[in-house]
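Q: Here you go, my_file_32.tsv (TSV, C-alpha atoms):
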chain	number	residue	atom	x	y	z
Y	53	ASP	CA	-4.93	28.44	8.49
Y	54	ALA	CA	-2.60	27.61	5.62
Y	55	GLY	CA	-1.95	24.10	6.81
Y	56	VAL	CA	1.42	22.38	6.81
Y	57	ILE	CA	3.64	23.95	4.18
Y	58	GLN	CA	6.45	22.02	2.53
Y	59	SER	CA	9.07	23.12	0.07
Y	60	PRO	CA	10.19	22.41	-2.52
Y	61	ARG	CA	7.27	20.50	-4.02
Y	62	HIS	CA	9.57	18.86	-6.53
Y	63	GLU	CA	13.32	18.42	-6.48
Y	64	VAL	CA	15.49	16.72	-9.07
Y	65	THR	CA	19.14	16.38	-8.21
Y	66	GLU	CA	22.16	14.28	-9.05
Y	67	MET	CA	23.66	11.60	-6.91
Y	68	GLY	CA	26.06	13.00	-4.36
Y	69	GLN	CA	24.37	16.37	-4.04
Y	70	GLU	CA	22.99	17.73	-0.80
Y	71	VAL	CA	19.21	17.97	-0.53
Y	72	THR	CA	17.34	20.08	2.00
Y	73	LEU	CA	13.59	19.73	2.46
Y	74	ARG	CA	11.69	22.28	4.50
Y	75	CYS	CA	8.53	22.23	6.56
Y	76	LYS	CA	6.43	24.83	8.32
Y	77	PRO	CA	3.98	23.17	10.72
Y	78	ILE	CA	0.57	24.53	11.64
Y	79	SER	CA	0.88	27.36	14.13
Y	80	GLY	CA	0.36	26.15	17.67
Y	81	HIS	CA	1.14	22.51	16.93
Y	82	ASN	CA	3.92	21.13	19.08
Y	83	SER	CA	4.56	17.78	17.39
Y	84	LEU	CA	6.19	17.39	13.99
Y	85	PHE	CA	6.77	14.27	11.95
Y	86	TRP	CA	8.74	13.44	8.82
Y	87	TYR	CA	7.53	10.52	6.70
Y	88	ARG	CA	8.88	9.03	3.49
Y	89	GLN	CA	6.72	7.24	0.93
Y	90	THR	CA	7.88	4.87	-1.79
Y	91	MET	CA	6.08	2.27	-3.83
Y	92	MET	CA	8.14	-0.51	-2.31
Y	93	ARG	CA	8.00	0.46	1.37
Y	94	GLY	CA	4.87	2.60	1.66
Y	95	LEU	CA	4.73	5.34	4.27
Y	96	GLU	CA	7.59	5.19	6.75
Y	97	LEU	CA	8.02	7.39	9.81
Y	98	LEU	CA	11.52	8.85	9.78
Y	99	ILE	CA	11.64	11.10	12.82
Y	100	TYR	CA	9.35	12.77	15.31
Y	101	PHE	CA	9.83	16.04	17.23
Y	102	ASN	CA	7.94	17.22	20.27
Y	103	ASN	CA	8.40	20.83	21.38
Y	104	ASN	CA	11.29	21.13	18.91
Y	105	VAL	CA	13.18	18.21	20.47
Y	106	PRO	CA	13.79	15.01	18.49
Y	107	ILE	CA	12.06	12.23	20.39
Y	108	ASP	CA	12.40	9.23	18.09
Y	109	ASP	CA	14.70	9.06	15.08
Y	110	SER	CA	14.80	5.30	14.80
Y	111	GLY	CA	13.29	5.49	11.36
Y	112	MET	CA	16.07	7.59	9.89
Y	113	PRO	CA	17.70	5.30	7.31
Y	114	GLU	CA	21.34	6.15	7.92
Y	115	ASP	CA	23.79	8.86	8.79
Y	116	ARG	CA	23.26	10.57	5.48
Y	117	PHE	CA	19.91	11.74	6.80
Y	118	SER	CA	19.57	14.46	9.42
Y	119	ALA	CA	16.66	16.54	10.67
Y	120	LYS	CA	16.49	19.70	12.69
Y	121	MET	CA	13.82	21.85	14.24
Y	122	PRO	CA	15.43	25.13	15.31
Y	123	ASN	CA	12.10	26.64	16.34
Y	124	ALA	CA	8.42	25.83	16.57
Y	125	SER	CA	7.66	27.05	13.07
Y	126	PHE	CA	10.37	25.42	10.99
Y	127	SER	CA	11.99	22.07	10.37
Y	128	THR	CA	14.43	20.71	7.81
Y	129	LEU	CA	15.27	17.26	6.56
Y	130	LYS	CA	18.69	17.03	4.96
Y	131	ILE	CA	20.22	14.27	2.87
Y	132	GLN	CA	23.94	14.45	2.27
Y	133	PRO	CA	25.11	12.91	0.03
Y	134	SER	CA	21.97	11.90	-1.80
Y	135	GLU	CA	21.62	8.56	-3.60
Y	136	PRO	CA	19.13	7.30	-6.21
Y	137	ARG	CA	17.47	5.06	-3.61
Y	138	ASP	CA	16.49	8.20	-1.68
Y	139	SER	CA	14.01	9.03	-4.43
Y	140	ALA	CA	10.63	9.24	-2.74
Y	141	VAL	CA	7.91	11.60	-1.61
Y	142	TYR	CA	8.74	13.12	1.75
Y	143	PHE	CA	5.82	14.25	3.90
Y	144	CYS	CA	5.86	16.50	6.90
Y	145	ALA	CA	2.99	16.38	9.39
Y	146	SER	CA	2.15	18.23	12.57
Y	147	SER	CA	-0.25	17.68	15.41
Y	148	ASP	CA	-1.45	19.23	18.61
Y	149	GLY	CA	0.10	16.81	21.07
Y	150	GLN	CA	-1.94	18.29	23.86
Y	151	GLY	CA	-5.12	16.99	22.33
Y	152	ARG	CA	-3.77	13.47	21.94
Y	153	THR	CA	-6.29	12.83	19.21
Y	154	GLY	CA	-3.84	11.25	16.80
Y	155	GLU	CA	-4.99	13.68	14.17
Y	156	LEU	CA	-1.97	14.47	12.07
Y	157	PHE	CA	-2.13	17.20	9.49
Y	158	PHE	CA	0.02	16.37	6.49
Y	159	GLY	CA	1.60	18.67	3.97
Y	160	GLU	CA	1.41	18.09	0.24
Y	161	GLY	CA	4.82	16.45	0.22
Y	162	SER	CA	8.15	17.02	-1.49
Y	163	ARG	CA	8.83	14.70	-4.41
Y	164	LEU	CA	12.55	13.98	-4.60
Y	165	THR	CA	14.22	12.40	-7.60
Y	166	VAL	CA	17.91	11.57	-7.36
Y	167	LEU	CA	19.50	10.73	-10.69
S	1268	ASP	CA	5.24	-5.89	12.45
S	1269	ALA	CA	1.88	-4.72	11.20
S	1270	LYS	CA	-0.75	-4.30	13.87
S	1271	THR	CA	-3.60	-4.19	11.38
S	1272	THR	CA	-4.76	-6.28	8.42
S	1273	GLN	CA	-6.76	-4.78	5.57
S	1274	PRO	CA	-7.82	-6.11	2.17
S	1275	PRO	CA	-5.53	-4.65	-0.49
S	1276	SER	CA	-8.36	-3.40	-2.69
S	1277	MET	CA	-12.13	-2.94	-2.88
S	1278	ASP	CA	-14.65	-1.59	-5.34
S	1279	CYS	CA	-17.79	0.34	-4.55
S	1280	ALA	CA	-20.56	1.74	-6.73
S	1281	GLU	CA	-21.06	5.48	-6.61
S	1282	GLY	CA	-23.82	6.43	-4.21
S	1283	ARG	CA	-23.63	3.20	-2.30
S	1284	ALA	CA	-22.13	2.68	1.12
S	1285	ALA	CA	-18.49	1.67	1.22
S	1286	ASN	CA	-17.63	-0.63	4.10
S	1287	LEU	CA	-13.91	-1.01	4.70
S	1288	PRO	CA	-12.88	-3.72	7.16
S	1289	CYS	CA	-9.83	-3.83	9.40
S	1290	ASN	CA	-8.56	-6.54	11.71
S	1291	HIS	CA	-6.52	-5.58	14.75
S	1292	SER	CA	-6.65	-8.68	16.92
S	1293	THR	CA	-3.63	-7.71	19.04
S	1294	ILE	CA	-4.91	-4.26	19.99
S	1295	SER	CA	-4.16	-3.22	23.56
S	1296	GLY	CA	-6.69	-1.79	25.98
S	1297	ASN	CA	-5.46	1.79	25.66
S	1298	GLU	CA	-4.87	1.80	21.91
S	1299	TYR	CA	-7.08	3.76	19.55
S	1300	VAL	CA	-8.14	2.87	16.02
S	1301	TYR	CA	-7.41	5.63	13.52
S	1302	TRP	CA	-8.45	5.89	9.89
S	1303	TYR	CA	-6.71	7.99	7.31
S	1304	ARG	CA	-7.01	8.17	3.56
S	1305	GLN	CA	-4.65	9.25	0.84
S	1306	ILE	CA	-5.94	10.54	-2.43
S	1307	HIS	CA	-3.49	10.20	-5.29
S	1308	SER	CA	-0.51	12.55	-5.03
S	1309	GLN	CA	-1.76	14.17	-1.85
S	1310	GLY	CA	-0.75	13.86	1.78
S	1311	PRO	CA	-2.74	11.51	4.01
S	1312	GLN	CA	-5.91	12.96	5.49
S	1313	TYR	CA	-7.35	12.13	8.90
S	1314	ILE	CA	-10.87	10.69	8.78
S	1315	ILE	CA	-11.92	9.45	12.20
S	1316	HIS	CA	-10.74	7.58	15.28
S	1317	GLY	CA	-12.24	5.64	18.17
S	1318	LEU	CA	-11.42	3.67	21.28
S	1319	LYS	CA	-14.34	1.33	21.87
S	1320	ASN	CA	-17.52	3.21	21.06
S	1321	ASN	CA	-18.82	3.71	17.56
S	1322	GLU	CA	-18.04	7.13	16.19
S	1323	THR	CA	-19.52	9.30	13.46
S	1324	ASN	CA	-18.47	12.56	11.91
S	1325	GLU	CA	-19.19	14.44	8.73
S	1326	MET	CA	-16.93	12.18	6.71
S	1327	ALA	CA	-17.61	8.67	7.94
S	1328	SER	CA	-18.72	6.27	10.65
S	1329	LEU	CA	-16.48	3.92	12.58
S	1330	ILE	CA	-17.88	0.69	13.95
S	1331	ILE	CA	-15.67	-1.14	16.45
S	1332	THR	CA	-16.59	-4.65	17.54
S	1333	GLU	CA	-17.22	-5.28	21.21
S	1334	ASP	CA	-13.99	-7.27	21.59
S	1335	ARG	CA	-12.18	-4.45	19.71
S	1336	LYS	CA	-10.41	-6.95	17.48
S	1337	SER	CA	-11.83	-5.51	14.31
S	1338	SER	CA	-13.49	-2.40	12.96
S	1339	THR	CA	-15.27	-1.12	9.87
S	1340	LEU	CA	-15.08	2.29	8.31
S	1341	ILE	CA	-18.30	3.25	6.59
S	1342	LEU	CA	-18.59	5.91	3.90
S	1343	PRO	CA	-22.39	6.17	3.72
S	1344	HIS	CA	-22.71	7.51	0.18
S	1345	ALA	CA	-19.48	7.01	-1.72
S	1346	THR	CA	-18.59	9.46	-4.46
S	1347	LEU	CA	-15.91	9.31	-7.14
S	1348	ARG	CA	-13.83	11.68	-5.01
S	1349	ASP	CA	-13.67	9.03	-2.29
S	1350	THR	CA	-11.40	6.91	-4.48
S	1351	ALA	CA	-8.25	6.66	-2.39
S	1352	VAL	CA	-6.09	4.39	-0.26
S	1353	TYR	CA	-7.60	3.98	3.21
S	1354	TYR	CA	-5.33	3.23	6.14
S	1355	CYS	CA	-6.42	1.65	9.41
S	1356	ILE	CA	-3.90	2.33	12.19
S	1357	VAL	CA	-3.71	1.27	15.81
S	1358	SER	CA	-1.81	3.52	18.17
S	1359	GLY	CA	-1.61	4.41	21.81
S	1360	PRO	CA	-2.82	7.66	23.34
S	1361	ASN	CA	0.63	8.99	24.14
S	1362	ALA	CA	1.49	12.57	23.43
S	1363	GLY	CA	3.65	11.55	20.51
S	1364	ASN	CA	0.75	10.06	18.59
S	1365	MET	CA	3.19	8.11	16.46
S	1366	LEU	CA	1.29	6.44	13.66
S	1367	THR	CA	2.63	3.51	11.65
S	1368	PHE	CA	0.97	3.17	8.25
S	1369	GLY	CA	0.51	-0.25	6.70
S	1370	GLY	CA	-0.46	-1.09	3.16
S	1371	GLY	CA	-4.04	0.14	3.39
S	1372	THR	CA	-7.03	-0.64	1.18
S	1373	ARG	CA	-7.24	0.87	-2.26
S	1374	LEU	CA	-10.91	1.83	-2.69
S	1375	MET	CA	-12.12	2.37	-6.21
S	1376	VAL	CA	-15.51	4.07	-6.48
S	1377	LYS	CA	-17.05	3.36	-9.84
S	1378	PRO	CA	-19.83	5.23	-11.65
Can you turn what I pasted into structure tokens?

A:
Amino acid sequence: DAGVIQSPRHEVTEMGQEVTLRCKPISGHNSLFWYRQTMMRGLELLIYFNNNVPIDDSGMPEDRFSAKMPNASFSTLKIQPSEPRDSAVYFCASSDGQGRTGELFFGEGSRLTVL
Amino acid sequence: DAKTTQPPSMDCAEGRAANLPCNHSTISGNEYVYWYRQIHSQGPQYIIHGLKNNETNEMASLIITEDRKSSTLILPHATLRDTAVYYCIVSGPNAGNMLTFGGGTRLMVKP
């Protein structure tokens, strides 16, 4: 299995631009998570999907952030408009919720720099 | 509101056992203890988890005290590649498996 695949790996953009991060979870996994990591705040859970439905988005910073999961094999995290404080590494993770093992499989992350 | 407390950093000599402690005094009866690690610039990696019994797998051993208020992750023979940040997480067994990461312990394995 290829694991969780994220793209792009690196993104540099200017303030005010729209940013779209993409994630392909492991086939067969029905839970998907978006995390953000910064030096100041560590790893923060942004949103969690189960069976393509957003279950908890309480971690989404503000209305500039939105996430979708149109099908079981694809999710996007969008920031519009982007700001310098959004600079971070964004991780996507998936798990087999049926197993309830708490074993999340993380992607390699998307490093976002907003100038 | 962190549910776990870990030392911010630890050193370990290569080849020796690394014992990483974690306090979780407010753990509930149905909450599991999970351990993850994050090697520089990579995504976090699952290591092991347990409820109340000690657990062992190919990566590590997890020792949970009888009162479940603390646990220790043991890497039996640490290598340089085990240098990473280790996270101890407490979470319930719900289908969401939502994990909240704290600050973790930065383990430095030295030659």

Q: Grab the atom CA of S:Asn1286 to atom CA of S:Ala1345 distance for me, in Å with one decimal place.

A: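 So the answer is 9.8 Å.
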
Q: Please report the interatomic distance between atom CA of Y:Tyr142 and atom CA of Y:Asn103 in Å with one decimal.

A: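 Straight-line distance from atom CA of Y:Tyr142 to atom CA of Y:Asn103 works out to 21.1 Å.
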
Q: With a cut-off of 7 Å, could you pull out the residues of chain Y touching chain S and give me the nearest pair of atoms for each, distance in Å to one decimal, using only C-alpha atoms, ordered by chain and ascending number, as JSON lines?

A:
{"residue": "Y:Gly94", "atom": "CA", "partner": "S:Gly1370", "partner_atom": "CA", "distance": 6.7}
{"residue": "Y:Leu95", "atom": "CA", "partner": "S:Phe1368", "partner_atom": "CA", "distance": 5.9}
{"residue": "Y:Leu97", "atom": "CA", "partner": "S:Thr1367", "partner_atom": "CA", "distance": 6.9}
{"residue": "Y:Phe143", "atom": "CA", "partner": "S:Gly1310", "partner_atom": "CA", "distance": 6.9}
{"residue": "Y:Gly149", "atom": "CA", "partner": "S:Ala1362", "partner_atom": "CA", "distance": 5.0}
{"residue": "Y:Gln150", "atom": "CA", "partner": "S:Ala1362", "partner_atom": "CA", "distance": 6.7}
{"residue": "Y:Arg152", "atom": "CA", "partner": "S:Ala1362", "partner_atom": "CA", "distance": 5.5}
{"residue": "Y:Gly154", "atom": "CA", "partner": "S:Asn1364", "partner_atom": "CA", "distance": 5.1}
{"residue": "Y:Glu155", "atom": "CA", "partner": "S:Tyr1313", "partner_atom": "CA", "distance": 6.0}
{"residue": "Y:Leu156", "atom": "CA", "partner": "S:Tyr1313", "partner_atom": "CA", "distance": 6.7}
{"residue": "Y:Phe157", "atom": "CA", "partner": "S:Gln1312", "partner_atom": "CA", "distance": 6.9}
{"residue": "Y:Phe158", "atom": "CA", "partner": "S:Gly1310", "partner_atom": "CA", "distance": 5.4}
{"residue": "Y:Gly159", "atom": "CA", "partner": "S:Gly1310", "partner_atom": "CA", "distance": 5.8}
{"residue": "Y:Glu160", "atom": "CA", "partner": "S:Gly1310", "partner_atom": "CA", "distance": 5.0}
{"residue": "Y:Gly161", "atom": "CA", "partner": "S:Gly1310", "partner_atom": "CA", "distance": 6.3}

Q: What separation in Å, quoted to one decimal, exists between atom CA of Y:Leu129 and atom CA of S:Ala1351?

A: 27.3 Å

Q: Take the point (0.1, 5.9, -8.9) as written in the file and pick out every residue within 12 Å of it, counting only C-alpha atoms; give the list as number ranges by chain.

A: Y: 89-91; S: 1305-1309, 1351-1352, 1373

Q: For a quick check of understanding, using all atoms listed in the file, which of Y:Ser110, Y:Thr165, Y:Thr128, Y:Asn82 has the smallest distance to Y:Cys144?

A: Y:Thr128

Q: Neighbours of stretch 1324-1326 of chain S within 9 Å (all atoms listed in the file; same-chain residues fewer than 2 positions away dropped), as a list in words?

A: Ile1314, Ile1315, Glu1322, Ser1328, Leu1329, Leu1342 and Pro1343 of chain S

Q: Would you please work out which residue, of Y:Ala124, Y:Ser146, Y:Asp108, Y:Asp138, is nearest to Y:Ile57 when using only C-alpha atoms?

A: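 Nearest to Y:Ile57: Y:Ser146.
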
Q: For S:Pro1275, which residue out of S:Thr1332, S:Thr1346, S:Thr1372, S:Ser1338 is the nearest one, using only C-alpha atoms?

A: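 Using only C-alpha atoms, S:Pro1275 sits closest to S:Thr1372.
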
Q: Which residue out of Y:Ser134, Y:Ser125, Y:Ser139, Y:Gln69 has the minimum interatomic distance to Y:Leu84 when all atoms listed in the file are used?

A: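 For Y:Leu84, the nearest of the given residues is Y:Ser125.
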
Q: Of the residues S:Ala1327, S:Met1277, S:Pro1378, S:Lys1319, which is the one nearest to S:Leu1347, using all atoms listed in the file?

A: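 Smallest separation from S:Leu1347 among the options: S:Pro1378.
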
Q: Leaving out Y:Lys130 and any residue of its chain fewer than 2 positions from it, which residues lie within 9 Å of it when counting only C-alpha atoms, given as an mmCIF file with C-alpha atoms, keeping the file's coordinate frame?

A:
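So result.cif came out as:
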data_model
loop_
_atom_site.group_PDB
_atom_site.id
_atom_site.type_symbol
_atom_site.label_atom_id
_atom_site.label_comp_id
_atom_site.auth_asym_id
_atom_site.auth_seq_id
_atom_site.Cartn_x
_atom_site.Cartn_y
_atom_site.Cartn_z
ATOM 1 C CA GLU Y 70 22.990 17.730 -0.800
ATOM 2 C CA VAL Y 71 19.210 17.970 -0.530
ATOM 3 C CA THR Y 72 17.340 20.080 2.000
ATOM 4 C CA LEU Y 73 13.590 19.730 2.460
ATOM 5 C CA ARG Y 74 11.690 22.280 4.500
ATOM 6 C CA ARG Y 116 23.260 10.570 5.480
ATOM 7 C CA PHE Y 117 19.910 11.740 6.800
ATOM 8 C CA SER Y 118 19.570 14.460 9.420
ATOM 9 C CA ALA Y 119 16.660 16.540 10.670
ATOM 10 C CA LYS Y 120 16.490 19.700 12.690
ATOM 11 C CA THR Y 128 14.430 20.710 7.810
ATOM 12 C CA GLN Y 132 23.940 14.450 2.270
#

Q: Rank nothing, just name the residue among Y:Cys75, Y:Arg93, Y:Ser83, Y:Ile131 nearest to Y:Arg61, using only C-alpha atoms.

A: Y:Cys75

Q: Need the neighbours of (-20.1, -1.9, 4.2): which residues are at most 10 Å away, counting all atoms listed in the file, as an MDAnalysis selection string?

A: chainID S and resid 1279 1283:1288 1339:1343

Q: Kindly add all heavy atoms to the incomplete stretch 1271-1282 of chain S and provide the output as a compact mmCIF listing (two decimals), in the frame of the given file.

A:
# COMPACT_ATOMS: atom_id res chain seq x y z
N THR S 1271 -2.30 -4.13 12.01
CA THR S 1271 -3.60 -4.19 11.38
C THR S 1271 -3.52 -4.97 10.08
O THR S 1271 -2.46 -5.04 9.45
CB THR S 1271 -4.15 -2.79 11.07
OG1 THR S 1271 -3.29 -2.15 10.13
CG2 THR S 1271 -4.24 -1.95 12.34
N THR S 1272 -4.65 -5.56 9.69
CA THR S 1272 -4.76 -6.28 8.42
C THR S 1272 -5.95 -5.73 7.66
O THR S 1272 -7.06 -5.66 8.22
CB THR S 1272 -4.95 -7.78 8.65
OG1 THR S 1272 -3.87 -8.28 9.44
CG2 THR S 1272 -4.97 -8.53 7.32
N GLN S 1273 -5.71 -5.33 6.42
CA GLN S 1273 -6.76 -4.78 5.57
C GLN S 1273 -6.71 -5.47 4.21
O GLN S 1273 -5.64 -5.84 3.74
CB GLN S 1273 -6.57 -3.28 5.36
CG GLN S 1273 -6.60 -2.44 6.61
CD GLN S 1273 -6.36 -0.97 6.26
OE1 GLN S 1273 -5.28 -0.42 6.53
NE2 GLN S 1273 -7.37 -0.34 5.68
N PRO S 1274 -7.86 -5.59 3.55
CA PRO S 1274 -7.82 -6.11 2.17
C PRO S 1274 -7.09 -5.10 1.29
O PRO S 1274 -7.22 -3.89 1.48
CB PRO S 1274 -9.29 -6.22 1.79
CG PRO S 1274 -10.01 -5.29 2.71
CD PRO S 1274 -9.22 -5.28 3.98
N PRO S 1275 -6.31 -5.58 0.32
CA PRO S 1275 -5.53 -4.65 -0.49
C PRO S 1275 -6.37 -3.74 -1.38
O PRO S 1275 -5.97 -2.62 -1.66
CB PRO S 1275 -4.63 -5.55 -1.33
CG PRO S 1275 -5.29 -6.88 -1.29
CD PRO S 1275 -6.00 -6.98 0.00
N SER S 1276 -7.55 -4.22 -1.80
CA SER S 1276 -8.36 -3.40 -2.69
C SER S 1276 -9.84 -3.75 -2.55
O SER S 1276 -10.20 -4.86 -2.13
CB SER S 1276 -7.92 -3.57 -4.14
OG SER S 1276 -8.13 -4.89 -4.57
N MET S 1277 -10.67 -2.76 -2.88
CA MET S 1277 -12.13 -2.94 -2.88
C MET S 1277 -12.73 -2.02 -3.91
O MET S 1277 -12.18 -0.95 -4.21
CB MET S 1277 -12.72 -2.57 -1.51
CG MET S 1277 -12.40 -3.50 -0.38
SD MET S 1277 -13.21 -2.96 1.14
CE MET S 1277 -14.93 -3.09 0.70
N ASP S 1278 -13.87 -2.44 -4.44
CA ASP S 1278 -14.65 -1.59 -5.34
C ASP S 1278 -15.96 -1.22 -4.68
O ASP S 1278 -16.48 -1.97 -3.84
CB ASP S 1278 -14.94 -2.32 -6.66
CG ASP S 1278 -13.70 -2.50 -7.51
OD1 ASP S 1278 -12.69 -1.82 -7.25
OD2 ASP S 1278 -13.74 -3.33 -8.43
N CYS S 1279 -16.50 -0.10 -5.07
CA CYS S 1279 -17.79 0.34 -4.55
C CYS S 1279 -18.49 1.14 -5.64
O CYS S 1279 -17.85 1.92 -6.36
CB CYS S 1279 -17.60 1.19 -3.30
SG CYS S 1279 -19.13 1.85 -2.60
N ALA S 1280 -19.80 0.96 -5.76
CA ALA S 1280 -20.56 1.74 -6.73
C ALA S 1280 -20.85 3.13 -6.16
O ALA S 1280 -21.15 3.28 -4.96
CB ALA S 1280 -21.86 1.03 -7.06
N GLU S 1281 -20.77 4.11 -7.02
CA GLU S 1281 -21.06 5.48 -6.61
C GLU S 1281 -22.45 5.58 -6.02
O GLU S 1281 -23.41 5.02 -6.56
CB GLU S 1281 -20.93 6.40 -7.82
CG GLU S 1281 -21.05 7.87 -7.50
CD GLU S 1281 -20.91 8.74 -8.74
OE1 GLU S 1281 -21.08 8.22 -9.87
OE2 GLU S 1281 -20.62 9.93 -8.59
N GLY S 1282 -22.54 6.27 -4.88
CA GLY S 1282 -23.82 6.43 -4.21
C GLY S 1282 -24.14 5.37 -3.19
O GLY S 1282 -25.04 5.55 -2.35
